[in-house]
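This report concerns only the one structure given below.
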Amino acid sequence: MGWKEGMDRFAVEKETALSQLSLTESQLRGVKEKCSIQAKKIEELEARLASDLAKAKYEAEKAKAKAEEIMAVYWADAEAAQVQAREAAETAQTRAYWIAEIAKHQSHKETLEEIHARGFNLSYEIKKAREHETKAAVLASEDDDDEDESKSEYERGEDLDGEETSLGGNQEP
C-alpha cells in the first residue's frame, strides 16, 4: 500500500499543481490582456494628446499672426498720425509766417502812407506795399505746396517783381 498511496498522493499533488499552473496561466493571460488594453489606451491617449498639442500650436500661431497683423495696422495708423501731426505743425508754422508777413507789410505800408502824408511822394512804394500785403494775404490763405516756393522769395527780401524796395526812391522835399 505504501507505493500505491505514494502514487495516489503524487497524482493528487500533480493535479493540484496542474490546477494551480492552469489558474496561474489564466491569471497571467488576464494580466497580459489588461496590460495590452492599457497599452492601447496609452497609445490612444498619446495620439489624442499629440493631436490636441498640434491644434493648440496651430491656434497659438494663428493668434500670434492675428496679433502681429493688428500691431502692424496700429503701427501704420500711429505713423500716419505722426505724419499728419507734422504736416499740421508745418501748415501752422507756414500760416504763422504769412500772418507775420502780412503784419510786416501792413506796417511798412502804413509807414509809407505816413511819410507820404507829410509831403513826400511815395506812391510807387505804397502801391508796391499794398501789392505785397495782398499777395501775402492770398498766400496765407492757400493750403497748396506753392506756399513754400513763395515763402522763399519773401525770406530773401525780394520784391515779387524781383526788385528790392527802397524808402527814398521818389522823394519830394
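By order in the C-alpha cells, chains are A, B, ...; within a chain, residues start at 1; ligands start at 1, following the order shown.
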
Find the residues around Gln106 (chain A) up to 12 Å (only C-alpha atoms counted), leave out those fewer than 3 positions away in its own chain, and share them as an mmCIF file with N, CA, C and O atoms, in the first residue's frame.
```cif
data_model
loop_
_atom_site.group_PDB
_atom_site.id
_atom_site.type_symbol
_atom_site.label_atom_id
_atom_site.label_comp_id
_atom_site.auth_asym_id
_atom_site.auth_seq_id
_atom_site.Cartn_x
_atom_site.Cartn_y
_atom_site.Cartn_z
ATOM 1 N N ILE A 99 1.156 135.240 -41.759
ATOM 2 C CA ILE A 99 0.466 136.244 -40.948
ATOM 3 C C ILE A 99 1.463 137.308 -40.498
ATOM 4 O O ILE A 99 1.165 138.512 -40.530
ATOM 5 N N ALA A 100 2.663 136.872 -40.113
ATOM 6 C CA ALA A 100 3.714 137.821 -39.734
ATOM 7 C C ALA A 100 4.101 138.679 -40.934
ATOM 8 O O ALA A 100 4.341 139.894 -40.802
ATOM 9 N N GLU A 101 4.136 138.062 -42.112
ATOM 10 C CA GLU A 101 4.457 138.807 -43.328
ATOM 11 C C GLU A 101 3.374 139.860 -43.609
ATOM 12 O O GLU A 101 3.679 140.981 -44.002
ATOM 13 N N ILE A 102 2.115 139.494 -43.432
ATOM 14 C CA ILE A 102 1.022 140.457 -43.629
ATOM 15 C C ILE A 102 1.209 141.638 -42.684
ATOM 16 O O ILE A 102 1.125 142.804 -43.099
ATOM 17 N N ALA A 103 1.459 141.321 -41.417
ATOM 18 C CA ALA A 103 1.629 142.397 -40.428
ATOM 19 C C ALA A 103 2.812 143.280 -40.797
ATOM 20 O O ALA A 103 2.742 144.515 -40.698
ATOM 21 N N LYS A 109 3.465 149.555 -45.192
ATOM 22 C CA LYS A 109 2.552 150.382 -45.968
ATOM 23 C C LYS A 109 2.101 151.591 -45.145
ATOM 24 O O LYS A 109 2.084 152.723 -45.638
ATOM 25 N N GLU A 110 1.741 151.333 -43.889
ATOM 26 C CA GLU A 110 1.293 152.432 -43.033
ATOM 27 C C GLU A 110 2.408 153.459 -42.827
ATOM 28 O O GLU A 110 2.163 154.668 -42.843
ATOM 29 N N THR A 111 3.637 152.971 -42.674
ATOM 30 C CA THR A 111 4.779 153.887 -42.529
ATOM 31 C C THR A 111 4.931 154.734 -43.784
ATOM 32 O O THR A 111 5.122 155.959 -43.715
ATOM 33 N N LEU A 112 4.855 154.084 -44.954
ATOM 34 C CA LEU A 112 4.968 154.815 -46.213
ATOM 35 C C LEU A 112 3.829 155.819 -46.375
ATOM 36 O O LEU A 112 4.035 156.931 -46.864
ATOM 37 N N GLU A 113 2.615 155.454 -45.956
ATOM 38 C CA GLU A 113 1.486 156.370 -46.054
ATOM 39 C C GLU A 113 1.686 157.581 -45.140
ATOM 40 O O GLU A 113 1.349 158.708 -45.507
ATOM 41 N N ILE A 126 4.077 152.826 -51.949
ATOM 42 C CA ILE A 126 2.808 152.466 -51.308
ATOM 43 C C ILE A 126 2.075 151.430 -52.151
ATOM 44 O O ILE A 126 1.540 150.450 -51.632
ATOM 45 N N LYS A 127 2.101 151.649 -53.468
ATOM 46 C CA LYS A 127 1.462 150.693 -54.376
ATOM 47 C C LYS A 127 2.102 149.318 -54.221
ATOM 48 O O LYS A 127 1.415 148.302 -54.114
ATOM 49 N N LYS A 128 3.439 149.283 -54.189
ATOM 50 C CA LYS A 128 4.156 148.008 -54.042
ATOM 51 C C LYS A 128 3.864 147.368 -52.679
ATOM 52 O O LYS A 128 3.686 146.158 -52.577
ATOM 53 N N ALA A 129 3.787 148.179 -51.637
ATOM 54 C CA ALA A 129 3.500 147.661 -50.298
ATOM 55 C C ALA A 129 2.105 147.038 -50.261
ATOM 56 O O ALA A 129 1.895 145.984 -49.649
ATOM 57 N N ARG A 130 1.142 147.687 -50.940
ATOM 58 C CA ARG A 130 -0.214 147.128 -50.999
ATOM 59 C C ARG A 130 -0.215 145.794 -51.760
ATOM 60 O O ARG A 130 -0.909 144.851 -51.387
ATOM 61 N N GLU A 131 0.547 145.742 -52.858
ATOM 62 C CA GLU A 131 0.644 144.501 -53.621
ATOM 63 C C GLU A 131 1.242 143.390 -52.757
ATOM 64 O O GLU A 131 0.749 142.259 -52.755
ATOM 65 N N HIS A 132 2.327 143.708 -52.023
ATOM 66 C CA HIS A 132 2.948 142.724 -51.139
ATOM 67 C C HIS A 132 1.961 142.247 -50.074
ATOM 68 O O HIS A 132 1.877 141.055 -49.774
ATOM 69 N N GLU A 133 1.225 143.180 -49.509
ATOM 70 C CA GLU A 133 0.253 142.836 -48.470
ATOM 71 C C GLU A 133 -0.827 141.919 -49.037
ATOM 72 O O GLU A 133 -1.189 140.915 -48.437
ATOM 73 N N THR A 134 -1.323 142.240 -50.217
ATOM 74 C CA THR A 134 -2.366 141.435 -50.851
ATOM 75 C C THR A 134 -1.849 140.037 -51.166
ATOM 76 O O THR A 134 -2.512 139.045 -50.878
ATOM 77 N N LYS A 135 -0.667 139.983 -51.749
ATOM 78 C CA LYS A 135 -0.105 138.671 -52.094
ATOM 79 C C LYS A 135 0.174 137.848 -50.849
ATOM 80 O O LYS A 135 -0.055 136.641 -50.833
ATOM 81 N N ALA A 136 0.655 138.482 -49.794
ATOM 82 C CA ALA A 136 0.907 137.762 -48.539
ATOM 83 C C ALA A 136 -0.395 137.242 -47.956
ATOM 84 O O ALA A 136 -0.458 136.124 -47.445
ATOM 85 N N ALA A 137 -1.469 138.034 -48.051
ATOM 86 C CA ALA A 137 -2.771 137.593 -47.544
ATOM 87 C C ALA A 137 -3.282 136.403 -48.348
ATOM 88 O O ALA A 137 -3.835 135.454 -47.787
#
```

With only C-alpha atoms as the atoms that count, which of A:Glu79, A:Glu142, A:Asp8, A:Glu13 lies nearest to Thr91 (chain A)?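 Among A:Glu79, A:Glu142, A:Asp8, A:Glu13, it is A:Glu142 that comes nearest to Thr91 (chain A).
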